[in-house]
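Novice: File coords-v3.txt below, compact mmCIF, C-alpha atoms:
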# COMPACT_ATOMS: atom_id res chain seq x y z
CA MET A 14 0.00 0.00 0.00
CA LYS A 15 2.65 2.41 1.06
CA ASP A 16 4.78 1.90 -2.04
CA ASP A 17 1.95 2.80 -4.40
CA PRO A 18 2.23 6.32 -5.77
CA PRO A 19 -0.79 8.28 -4.57
CA LEU A 20 -3.51 8.85 -7.13
CA PRO A 21 -3.20 12.24 -8.86
CA SER A 22 -6.58 13.37 -7.61
CA LEU A 23 -5.60 12.49 -4.04
CA ALA A 24 -2.31 14.35 -4.35
CA LYS A 25 -4.16 17.37 -5.63
CA LEU A 26 -6.64 17.13 -2.81
CA ASP A 27 -3.81 16.85 -0.32
CA GLU A 28 -2.23 19.98 -1.75
CA LYS A 29 -5.49 21.85 -1.51
CA LEU A 30 -5.99 20.70 2.05
CA ARG A 31 -2.52 21.83 2.97
CA ALA A 32 -3.09 25.23 1.43
CA ALA A 33 -6.39 25.60 3.25
CA GLU A 34 -4.82 24.52 6.52
CA ALA A 35 -1.95 26.98 6.09
CA LYS A 36 -4.41 29.74 5.33
CA ARG A 37 -6.47 28.91 8.37
CA HIS A 38 -3.37 28.93 10.52
CA ARG A 39 -2.29 32.29 9.21
CA THR A 40 -5.63 33.96 9.74
CA LYS A 41 -5.88 32.47 13.19
CA ALA A 42 -2.49 33.69 14.31
CA GLY A 43 -3.18 37.12 12.92
CA SER A 44 -6.66 37.56 14.34
CA ASP A 45 -5.97 36.91 18.02
CA ASP A 46 -2.45 38.18 17.94
CA ARG A 47 -3.13 41.09 20.24
CA GLY A 48 -4.75 38.94 22.92
CA GLN A 49 -1.96 36.42 22.71
CA GLY A 50 0.68 39.10 22.89
CA LEU A 51 -0.96 40.50 26.01
CA SER A 52 -1.29 37.11 27.65
CA PHE A 53 2.35 36.54 26.84
CA ALA A 54 3.31 39.87 28.42
CA LEU A 55 1.31 39.11 31.54
CA ARG A 56 3.31 35.96 32.05
CA ILE A 57 6.72 37.58 32.18
CA GLY A 58 6.40 39.79 35.24
CA THR A 59 5.39 37.03 37.57
CA GLU A 60 8.09 34.66 36.40
CA ILE A 61 10.89 36.66 38.05
CA VAL A 62 8.91 37.30 41.22
CA ALA A 63 7.88 33.67 41.60
CA ALA A 64 11.42 32.35 41.26
CA LEU A 65 12.67 34.97 43.72
CA ILE A 66 9.98 34.01 46.24
CA VAL A 67 10.95 30.36 46.00
CA GLY A 68 14.65 31.13 46.28
CA VAL A 69 14.28 33.42 49.26
CA ALA A 70 11.89 31.02 50.99
CA ILE A 71 14.29 28.09 50.59
CA GLY A 72 17.18 30.21 51.87
CA TYR A 73 15.23 31.58 54.80
CA PHE A 74 13.99 28.20 56.00
CA LEU A 75 17.39 26.55 55.52
CA ASP A 76 18.88 29.32 57.65
CA ARG A 77 16.27 28.89 60.33
CA TRP A 78 16.76 25.15 60.34
CA LEU A 79 20.58 25.16 60.36
CA GLY A 80 21.07 28.41 62.28
CA THR A 81 23.42 29.88 59.70
CA LYS A 82 21.64 33.18 59.69
CA PRO A 83 22.31 35.18 56.54
CA TRP A 84 24.30 32.80 54.33
CA PHE A 85 21.75 30.49 52.76
CA LEU A 86 19.37 33.40 52.32
CA LEU A 87 22.02 35.30 50.38
CA LEU A 88 23.00 32.27 48.32
CA PHE A 89 19.44 31.33 47.42
CA PHE A 90 18.49 34.93 46.74
CA VAL A 91 21.12 34.96 44.01
CA LEU A 92 20.11 31.52 42.74
CA GLY A 93 16.46 32.57 42.82
CA SER A 94 17.10 35.67 40.75
CA ALA A 95 19.15 33.60 38.34
CA ALA A 96 16.24 31.18 38.06
CA GLY A 97 13.90 34.12 37.54
CA PHE A 98 15.96 35.47 34.69
CA MET A 99 16.20 31.96 33.29
CA ASN A 100 12.39 31.71 33.36
CA VAL A 101 11.99 35.01 31.57
CA PHE A 102 14.69 34.10 29.10
CA ARG A 103 12.85 30.88 28.32
CA VAL A 104 9.49 32.55 27.92
CA VAL A 105 10.92 35.20 25.63
CA GLY A 106 13.28 32.93 23.76
CA ARG A 107 10.42 30.77 22.40
CA LEU A 108 11.28 28.00 24.79
CA GLY A 109 7.86 28.11 26.37
CA GLY A 110 8.86 28.81 29.95
CA GLN A 111 9.83 25.28 30.76
CA VAL A 112 12.58 23.98 32.90
CA GLY A 113 15.24 22.46 30.70
CA TYR A 114 16.46 23.50 27.33
CA ARG A 115 14.90 22.45 24.10
CA LYS A 116 16.61 21.40 20.96
CA GLY A 117 16.21 23.83 18.12
CA ASP A 118 15.47 21.19 15.50
CA ASP A 119 12.74 19.60 17.56
CA THR A 120 9.67 19.36 15.36
CA SER A 121 7.36 17.98 18.04
CA PRO A 122 4.22 20.00 18.86
CA GLN A 123 5.92 22.32 21.29
CA GLU A 124 7.61 24.17 18.44
CA GLU A 125 4.23 24.83 16.95
CA ASN A 126 2.76 25.75 20.29
CA SER A 127 5.31 28.43 20.92
CA THR A 128 4.21 29.88 17.63
CA ARG A 129 0.60 29.70 18.70
CA THR A 130 1.17 31.25 22.10
CA GLY A 131 2.45 34.32 20.34
CA ILE A 132 6.00 33.82 21.43
CA THR A 133 7.36 33.97 17.93
CA LYS A 134 4.42 35.80 16.48
CA THR A 135 4.95 38.91 18.55
CA PRO A 136 7.45 40.67 16.30
CA GLN A 137 5.30 39.83 13.30
CA GLY A 138 2.26 41.24 15.02
CA ARG A 139 4.12 44.43 15.76
CA ASP A 140 4.95 44.78 12.10
CA ALA A 141 1.31 44.28 11.22
CA ASP A 142 0.25 46.89 13.75
CA ASN A 143 2.56 49.58 12.47
CA MET B 16 -11.69 55.42 52.29
CA ALA B 17 -13.53 57.42 49.70
CA GLU B 18 -16.53 58.72 51.56
CA GLY B 19 -15.58 59.46 55.12
CA GLY B 20 -13.68 56.21 55.50
CA GLY B 21 -16.88 54.22 55.11
CA HIS B 22 -15.75 52.00 52.29
CA SER B 23 -12.33 50.60 51.83
CA PRO B 24 -11.45 49.44 48.33
CA LEU B 25 -10.34 46.21 49.95
CA GLU B 26 -13.67 45.56 51.64
CA GLN B 27 -14.83 43.57 48.65
CA PHE B 28 -12.26 40.88 49.36
CA GLU B 29 -13.38 40.25 52.91
CA ILE B 30 -14.39 36.69 53.67
CA LYS B 31 -17.65 36.46 55.56
CA SER B 32 -19.20 33.35 56.93
CA ILE B 33 -22.67 32.63 55.63
CA PHE B 34 -23.65 29.33 57.10
CA PRO B 35 -22.75 29.79 60.75
CA ALA B 36 -23.88 33.35 60.17
CA GLY B 37 -21.99 36.41 61.30
CA GLY B 38 -18.46 35.01 61.74
CA HIS B 39 -15.48 35.80 59.58
CA GLY B 40 -14.85 32.33 58.22
CA GLU B 41 -11.75 31.82 60.28
CA VAL B 42 -9.08 29.37 59.28
CA GLY B 43 -9.83 25.89 60.49
CA THR B 44 -13.57 26.30 60.72
CA LEU B 45 -15.78 24.62 58.19
CA ALA B 46 -17.84 27.71 57.55
CA PHE B 47 -19.68 28.17 54.30
CA THR B 48 -18.35 31.59 53.33
CA ASN B 49 -19.16 34.06 50.59
CA SER B 50 -16.11 32.64 48.82
CA SER B 51 -17.62 29.16 48.94
CA LEU B 52 -20.88 30.57 47.70
CA ALA B 53 -19.14 32.17 44.73
CA MET B 54 -17.39 28.90 43.92
CA VAL B 55 -20.63 26.94 44.11
CA ALA B 56 -22.26 29.58 41.91
CA ALA B 57 -19.45 29.24 39.36
CA LEU B 58 -19.76 25.47 39.43
CA VAL B 59 -23.54 25.56 39.00
CA LEU B 60 -23.28 28.11 36.21
CA VAL B 61 -20.63 26.16 34.31
CA SER B 62 -22.69 22.99 34.60
CA ALA B 63 -25.88 24.77 33.60
CA PHE B 64 -24.10 26.48 30.71
CA LEU B 65 -22.88 23.17 29.31
CA ILE B 66 -25.87 20.98 30.17
CA PHE B 67 -28.55 23.38 28.96
CA GLY B 68 -26.39 24.46 26.05
CA MET B 69 -26.01 20.91 24.81
CA ARG B 70 -29.45 19.66 25.85
CA ARG B 71 -30.87 19.64 22.37
CA GLY B 72 -27.66 18.69 20.63
CA ALA B 73 -28.93 20.11 17.37
CA LEU B 74 -26.92 19.66 14.20
CA VAL B 75 -27.23 23.37 13.55
CA PRO B 76 -26.47 24.84 16.96
CA GLY B 77 -28.44 27.61 18.55
CA ARG B 78 -26.82 30.44 20.47
CA MET B 79 -26.17 28.66 23.74
CA GLN B 80 -25.09 25.49 22.00
CA SER B 81 -22.67 27.50 19.85
CA LEU B 82 -21.13 29.02 22.95
CA ALA B 83 -20.78 25.65 24.64
CA GLU B 84 -19.27 24.12 21.51
CA MET B 85 -16.94 27.06 21.03
CA SER B 86 -15.58 26.77 24.54
CA TYR B 87 -15.12 23.05 24.02
CA GLU B 88 -13.35 23.53 20.72
CA PHE B 89 -11.22 26.35 22.08
CA ILE B 90 -9.73 24.13 24.76
CA ALA B 91 -9.57 21.10 22.45
CA GLY B 92 -7.65 23.21 19.94
CA LEU B 93 -5.39 24.56 22.65
CA ILE B 94 -4.52 21.06 23.77
CA SER B 95 -3.91 19.67 20.30
CA ASP B 96 -1.71 22.68 19.52
CA THR B 97 0.39 22.51 22.65
CA VAL B 98 0.46 18.87 23.65
CA GLY B 99 -0.67 17.08 20.52
CA ALA B 100 -2.90 14.02 20.25
CA GLU B 101 -1.52 12.60 23.48
CA GLY B 102 -2.98 15.50 25.40
CA ARG B 103 -6.57 14.53 24.61
CA ARG B 104 -6.64 12.41 27.73
CA TYR B 105 -6.14 15.48 29.91
CA PHE B 106 -8.93 17.45 28.33
CA PRO B 107 -11.35 17.09 31.28
CA ILE B 108 -9.02 18.61 33.86
CA ILE B 109 -7.87 21.47 31.62
CA PHE B 110 -11.40 22.26 30.52
CA SER B 111 -12.67 22.17 34.10
CA LEU B 112 -9.89 24.45 35.30
CA PHE B 113 -10.44 26.87 32.45
CA MET B 114 -14.20 27.10 32.89
CA PHE B 115 -14.00 27.33 36.67
CA ILE B 116 -11.46 30.14 36.59
CA LEU B 117 -13.20 31.91 33.73
CA PHE B 118 -16.58 31.87 35.45
CA GLY B 119 -15.00 32.82 38.76
CA ASN B 120 -13.35 35.83 37.13
CA LEU B 121 -16.47 36.83 35.25
CA LEU B 122 -18.74 36.40 38.27
CA GLY B 123 -16.45 38.79 40.08
CA MET B 124 -17.30 41.43 37.50
CA LEU B 125 -20.90 41.56 38.69
CA PRO B 126 -21.51 44.37 41.18
CA TYR B 127 -21.63 43.24 44.81
CA SER B 128 -20.32 39.82 43.93
CA PHE B 129 -17.24 38.16 45.30
CA THR B 130 -14.18 37.24 43.21
CA PHE B 131 -12.87 34.02 44.65
CA THR B 132 -9.89 34.04 42.26
CA SER B 133 -8.65 37.18 44.03
CA HIS B 134 -7.59 35.05 46.99
CA ILE B 135 -4.16 33.50 46.80
CA ILE B 136 -5.25 30.42 48.71
CA VAL B 137 -7.78 29.53 46.04
CA THR B 138 -5.46 30.10 43.11
CA PHE B 139 -2.62 28.40 44.92
CA ALA B 140 -4.77 25.35 45.54
CA LEU B 141 -5.54 25.20 41.81
CA ALA B 142 -1.88 25.72 40.90
CA ALA B 143 -0.77 23.11 43.43
CA LEU B 144 -3.24 20.66 41.92
CA VAL B 145 -1.66 21.25 38.51
CA PHE B 146 1.90 21.15 39.83
CA ILE B 147 1.48 17.95 41.86
CA GLY B 148 -0.52 16.29 39.12
CA VAL B 149 2.08 17.12 36.48
CA THR B 150 4.97 16.00 38.68
CA VAL B 151 3.25 12.71 39.49
CA LEU B 152 2.49 12.25 35.81
CA ALA B 153 6.13 12.89 34.86
CA VAL B 154 7.49 10.51 37.50
CA ALA B 155 4.96 7.84 36.54
CA ARG B 156 5.88 8.26 32.88
CA HIS B 157 9.63 8.46 33.13
CA GLY B 158 10.52 7.09 36.55
CA MET B 159 13.95 8.17 37.73
CA HIS B 160 14.68 9.60 34.33
CA PHE B 161 12.47 12.51 35.36
CA PHE B 162 15.29 13.95 37.43
CA SER B 163 17.43 14.37 34.34
CA PHE B 164 14.97 17.17 33.66
CA PHE B 165 16.92 19.36 36.06
CA VAL B 166 20.19 18.94 34.18
CA PRO B 167 20.38 21.15 31.12
CA PRO B 168 21.64 18.93 28.32
CA GLY B 169 25.02 19.91 26.96
CA ALA B 170 26.11 21.69 30.13
CA PRO B 171 29.61 20.79 31.35
CA ILE B 172 29.65 18.77 34.57
CA ALA B 173 31.57 21.54 36.34
CA MET B 174 28.52 23.75 35.95
CA TRP B 175 26.07 21.23 37.40
CA PRO B 176 26.30 22.32 41.05
CA LEU B 177 25.29 25.81 39.95
CA LEU B 178 22.73 24.89 37.31
CA ILE B 179 20.82 22.17 39.15
CA PRO B 180 19.72 24.43 42.05
CA ILE B 181 18.69 27.06 39.53
CA GLU B 182 16.69 24.54 37.55
CA VAL B 183 15.08 23.16 40.70
CA ILE B 184 14.10 26.66 41.85
CA SER B 185 12.83 27.36 38.38
CA TYR B 186 10.70 24.23 38.52
CA LEU B 187 9.42 24.98 42.03
CA SER B 188 8.51 28.50 40.99
CA ARG B 189 5.87 27.15 38.61
CA PRO B 190 2.98 26.86 41.06
CA ILE B 191 3.95 30.22 42.58
CA SER B 192 3.98 32.05 39.28
CA LEU B 193 0.81 30.27 38.17
CA SER B 194 -1.10 31.23 41.30
CA VAL B 195 0.39 34.68 41.89
CA ARG B 196 -0.31 35.75 38.32
CA LEU B 197 -4.00 34.97 38.53
CA PHE B 198 -4.46 36.25 42.07
CA ALA B 199 -2.49 39.46 41.60
CA ASN B 200 -4.27 40.37 38.38
CA MET B 201 -7.70 39.89 39.87
CA LEU B 202 -6.84 41.60 43.15
CA ALA B 203 -5.13 44.58 41.53
CA GLY B 204 -7.82 45.02 38.91
CA HIS B 205 -10.71 44.99 41.35
CA THR B 206 -8.92 47.25 43.82
CA LEU B 207 -8.13 49.70 41.07
CA LEU B 208 -11.76 49.72 39.96
CA LYS B 209 -12.93 50.49 43.49
CA VAL B 210 -10.31 53.17 44.09
CA ILE B 211 -11.12 55.02 40.90
CA ALA B 212 -14.83 54.59 41.43
CA GLY B 213 -14.31 56.25 44.82
CA PHE B 214 -13.23 59.45 43.06
CA ILE B 215 -16.45 59.76 41.11
CA GLY B 216 -18.46 61.10 44.04
CA LEU B 217 -15.62 63.23 45.38
CA LEU B 218 -14.95 65.20 42.21
CA GLY B 219 -18.51 66.37 41.62
CA VAL B 220 -18.98 67.40 37.99
CA PHE B 221 -15.47 66.31 37.09
CA GLY B 222 -16.41 62.87 38.32
CA ILE B 223 -17.24 62.16 34.72
CA LEU B 224 -13.52 61.60 34.09
CA PRO B 225 -13.01 58.80 36.61
CA PHE B 226 -16.39 57.47 35.54
CA ALA B 227 -15.20 57.15 31.96
CA LEU B 228 -12.05 55.52 33.24
CA VAL B 229 -14.06 53.02 35.27
CA VAL B 230 -16.09 52.10 32.19
CA ALA B 231 -12.91 51.54 30.22
CA LEU B 232 -11.32 49.59 33.06
CA THR B 233 -14.38 47.38 33.36
CA GLY B 234 -13.90 46.40 29.74
CA LEU B 235 -10.23 45.77 30.39
CA GLU B 236 -11.07 43.68 33.44
CA ILE B 237 -13.37 41.47 31.39
CA LEU B 238 -10.55 40.98 28.90
CA ILE B 239 -8.19 40.16 31.77
CA ALA B 240 -10.73 37.69 33.14
CA PHE B 241 -10.59 35.78 29.87
CA LEU B 242 -6.86 36.14 29.44
CA GLN B 243 -6.02 34.88 32.89
CA ALA B 244 -8.19 31.81 32.47
CA TYR B 245 -6.54 31.28 29.08
CA VAL B 246 -3.04 31.70 30.48
CA PHE B 247 -3.78 29.27 33.28
CA ALA B 248 -5.08 26.72 30.81
CA ILE B 249 -2.22 27.13 28.35
CA LEU B 250 0.42 26.88 31.06
CA THR B 251 -1.24 23.72 32.35
CA CYS B 252 -0.99 22.37 28.80
CA LEU B 253 2.67 23.34 28.54
CA TYR B 254 3.46 21.68 31.85
CA ILE B 255 1.66 18.51 30.80
CA ASN B 256 3.60 18.61 27.56
CA ASP B 257 6.82 18.90 29.55
CA ALA B 258 5.82 16.03 31.77
CA LEU B 259 5.08 13.82 28.77
CA HIS B 260 8.17 14.65 26.74
CA LEU B 261 10.72 16.01 29.23
CA HIS B 262 13.36 17.31 26.88
Using the file provided, produce a representation of the structure as structure tokens.
Specialist:
Amino acid sequence: MKDDPPLPSLAKLDEKLRAAEAKRHRTKAGSDDRGQGLSFALRIGTEIVAALIVGVAIGYFLDRWLGTKPWFLLLFFVLGSAAGFMNVFRVVGRLGGQVGYRKGDDTSPQEENSTRTGITKTPQGRDADN
Amino acid sequence: MAEGGGHSPLEQFEIKSIFPAGGHGEVGTLAFTNSSLAMVAALVLVSAFLIFGMRRGALVPGRMQSLAEMSYEFIAGLISDTVGAEGRRYFPIIFSLFMFILFGNLLGMLPYSFTFTSHIIVTFALAALVFIGVTVLAVARHGMHFFSFFVPPGAPIAMWPLLIPIEVISYLSRPISLSVRLFANMLAGHTLLKVIAGFIGLLGVFGILPFALVVALTGLEILIAFLQAYVFAILTCLYINDALHLH
């Protein structure tokens, strides 16, 4: 079955379907670009704060537990801010805000999703707005 | 605060006990509070929206059925875009979270109502549900391999002692950012509305300016209500995607 060349009509239909799908995708990304851009912007601010809260909390409770007053707090404050910047970097750098890096050539759905969440679409949207 | 200190803009967030009437719904008591009432209302409304919307199940949908189908398809599309076909299985939880938060946010836009999503404990409970669920899912899927998640691939071993704590903090910050984002947006928005509305009476004729601002802000708040529910849902999807595929 697989080795058979597809019928010409089917190939044509496939092409048409692809074109329609691409068109649908384009219109979709364009139409709710503003909302997606805003939702994307709303995410960034909290990412830094959240990582800082976690870092400071870990440091504070380690200090209280071990009685090493300022040291763990200082250490984890720095680590927390690093994690915060890492989070923001990931959200902005189309990595989707996840822990862990992603391979650039990964064609699994997450590549597409970062497009859909407006992470890559934002510059395009700005062009369209101007 | 506005009129002779009678109304504080924060009064709207006060938890009052309804069932053992009069109390303040203190921690540790099983009081049925105004927050619980708002949650039950959201639950009933979501159920009614979907059940009555889909009651007829017509081939050509009416208005309510269109809305119900649109919300279904919105989340189904979100999941297939972010997680792929594998994510279908998690549709119920994502859809429930989305609708619950959305209706909670929108209910809060009614005058005199209570916004339960403006309390960190509620949003944190939702975020903790997502976080624990996703972590359990990842460990069940990948076993010990899950912990390789905290090691950025390609990093030299000398950097591991620095990078692993950062990655762990980054991972632990997920429920915090998820809950704080929703709670802070709702709290700030509603406080702002009340503060600006307080100026309307004070400024007399010029009260028209803050009034116009309040109208505009109400529109913005409704947008935020949708966006926050959407962001919560999409982040849940992304986390599930992470749990399924690691990196």
Novice: Could you name the residues that touch Ala227 of chain B at 10 Å or less, counting all atoms listed in the file, but leaving out those on the same chain fewer than 6 positions away, as a list in words?
Specialist: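 Listed by chain and then number, they are Ala212, Ile215 and Thr233 of chain B.
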Novice: Store the residues picked out above, limited to C-alpha atoms, as an mmCIF file, in the frame of the given file.
Specialist:
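Now in selection.cif:
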data_model
loop_
_atom_site.group_PDB
_atom_site.id
_atom_site.type_symbol
_atom_site.label_atom_id
_atom_site.label_comp_id
_atom_site.auth_asym_id
_atom_site.auth_seq_id
_atom_site.Cartn_x
_atom_site.Cartn_y
_atom_site.Cartn_z
ATOM 1 C CA ALA B 212 -14.830 54.590 41.430
ATOM 2 C CA ILE B 215 -16.450 59.760 41.110
ATOM 3 C CA THR B 233 -14.380 47.380 33.360
#
Novice: For a cutoff of 12 Å around the file-coordinate point (-7.4, 25.2, 44.5), which residues qualify once you count all atoms listed in the file? I'd like the result as a ChimeraX atom specification.
Specialist: /B:51,54,112,115-116,131-132,134-147,190,193-194,197-198
Novice: Generate the output file for the selected residues, C-alpha atoms, as a PDB file, keeping the file's coordinate frame.
Specialist:
ATOM      1  CA  SER B  51     -17.620  29.160  48.940  1.00  0.00           C
ATOM      2  CA  MET B  54     -17.390  28.900  43.920  1.00  0.00           C
ATOM      3  CA  LEU B 112      -9.890  24.450  35.300  1.00  0.00           C
ATOM      4  CA  PHE B 115     -14.000  27.330  36.670  1.00  0.00           C
ATOM      5  CA  ILE B 116     -11.460  30.140  36.590  1.00  0.00           C
ATOM      6  CA  PHE B 131     -12.870  34.020  44.650  1.00  0.00           C
ATOM      7  CA  THR B 132      -9.890  34.040  42.260  1.00  0.00           C
ATOM      8  CA  HIS B 134      -7.590  35.050  46.990  1.00  0.00           C
ATOM      9  CA  ILE B 135      -4.160  33.500  46.800  1.00  0.00           C
ATOM     10  CA  ILE B 136      -5.250  30.420  48.710  1.00  0.00           C
ATOM     11  CA  VAL B 137      -7.780  29.530  46.040  1.00  0.00           C
ATOM     12  CA  THR B 138      -5.460  30.100  43.110  1.00  0.00           C
ATOM     13  CA  PHE B 139      -2.620  28.400  44.920  1.00  0.00           C
ATOM     14  CA  ALA B 140      -4.770  25.350  45.540  1.00  0.00           C
ATOM     15  CA  LEU B 141      -5.540  25.200  41.810  1.00  0.00           C
ATOM     16  CA  ALA B 142      -1.880  25.720  40.900  1.00  0.00           C
ATOM     17  CA  ALA B 143      -0.770  23.110  43.430  1.00  0.00           C
ATOM     18  CA  LEU B 144      -3.240  20.660  41.920  1.00  0.00           C
ATOM     19  CA  VAL B 145      -1.660  21.250  38.510  1.00  0.00           C
ATOM     20  CA  PHE B 146       1.900  21.150  39.830  1.00  0.00           C
ATOM     21  CA  ILE B 147       1.480  17.950  41.860  1.00  0.00           C
ATOM     22  CA  PRO B 190       2.980  26.860  41.060  1.00  0.00           C
ATOM     23  CA  LEU B 193       0.810  30.270  38.170  1.00  0.00           C
ATOM     24  CA  SER B 194      -1.100  31.230  41.300  1.00  0.00           C
ATOM     25  CA  LEU B 197      -4.000  34.970  38.530  1.00  0.00           C
ATOM     26  CA  PHE B 198      -4.460  36.250  42.070  1.00  0.00           C
TER      27      PHE B 198
END
Novice: Please report the interatomic distance between atom CA of Val246 of chain B and atom CA of His205 of chain B in Å with one decimal.
Specialist: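 Calculated distance between atom CA of Val246 of chain B and atom CA of His205 of chain B is 18.8 Å.
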Novice: Could the residues of chain B that have an atom at most 10 Å from chain A be listed as a tab-separated table, each with its closest atom pair and the distance in Å to one decimal, counting all atoms listed in the file and ordered by chain and ascending residue number?
Specialist:
residue	atom	partner	partner_atom	distance
B:Leu93	CA	A:Asn126	CA	8.6
B:Ile94	CA	A:Asn126	CA	9.3
B:Ser95	CA	A:Pro122	CA	8.3
B:Asp96	CA	A:Asn126	CA	5.5
B:Thr97	CA	A:Asn126	CA	4.7
B:Val98	CA	A:Pro122	CA	6.2
B:Gly99	CA	A:Pro122	CA	5.9
B:Ala100	CA	A:Pro122	CA	9.4
B:Ser163	CA	A:Gly113	CA	9.1
B:Phe164	CA	A:Gly113	CA	6.1
B:Phe165	CA	A:Gly113	CA	6.4
B:Val166	CA	A:Gly113	CA	7.0
B:Pro167	CA	A:Gly113	CA	5.3
B:Pro168	CA	A:Tyr114	CA	7.0
B:Gly169	CA	A:Tyr114	CA	9.3
B:Leu177	CA	A:Leu92	CA	8.2
B:Leu178	CA	A:Leu92	CA	9.0
B:Pro180	CA	A:Leu92	CA	7.1
B:Ile181	CA	A:Ala96	CA	5.0
B:Glu182	CA	A:Val112	CA	6.2
B:Val183	CA	A:Val112	CA	8.2
B:Ile184	CA	A:Ala96	CA	6.3
B:Ser185	CA	A:Ala96	CA	5.1
B:Tyr186	CA	A:Val112	CA	5.9
B:Leu187	CA	A:Val67	CA	6.9
B:Ser188	CA	A:Ala64	CA	4.8
B:Arg189	CA	A:Ala63	CA	7.4
B:Pro190	CA	A:Ala63	CA	8.4
B:Ile191	CA	A:Ala63	CA	5.3
B:Ser192	CA	A:Ala63	CA	4.8
B:Leu193	CA	A:Thr59	CA	8.2
B:Ser194	CA	A:Ala63	CA	9.3
B:Val195	CA	A:Thr59	CA	7.0
B:Arg196	CA	A:Thr59	CA	5.9
B:Leu197	CA	A:Thr59	CA	9.7
B:Ala199	CA	A:Thr59	CA	9.2
B:Asn200	CA	A:Leu55	CA	8.9
B:Leu238	CA	A:Gly48	CA	8.6
B:Ile239	CA	A:Ser52	CA	8.6
B:Phe241	CA	A:Gly48	CA	9.6
B:Leu242	CA	A:Ser52	CA	5.9
B:Gln243	CA	A:Ser52	CA	7.4
B:Ala244	CA	A:Ser52	CA	9.9
B:Tyr245	CA	A:Ser52	CA	8.0
B:Val246	CA	A:Ser52	CA	6.4
B:Phe247	CA	A:Arg56	CA	9.8
B:Ile249	CA	A:Thr130	CA	8.2
B:Leu250	CA	A:Gly110	CA	8.7
B:Cys252	CA	A:Asn126	CA	9.9
B:Leu253	CA	A:Gly109	CA	7.4
B:Tyr254	CA	A:Gln111	CA	7.4
B:Asn256	CA	A:Gln123	CA	7.6
B:Asp257	CA	A:Gln111	CA	7.2
B:His260	CA	A:Ser121	CA	9.4
B:Leu261	CA	A:Gly113	CA	8.0
B:His262	CA	A:Arg115	CA	6.0
Novice: May I ask for the distance between atom CA of Phe89 of chain B and atom CA of Ser111 of chain B, given in Å to one decimal place?
Specialist: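 Between atom CA of Phe89 of chain B and atom CA of Ser111 of chain B the gap is 12.8 Å.
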Novice: To one decimal place in Å, what is the distance between atom CA of Ala56 of chain B and atom CA of Asn120 of chain B?
Specialist: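 One can read the atom CA of Ala56 of chain B to atom CA of Asn120 of chain B distance as 11.9 Å.
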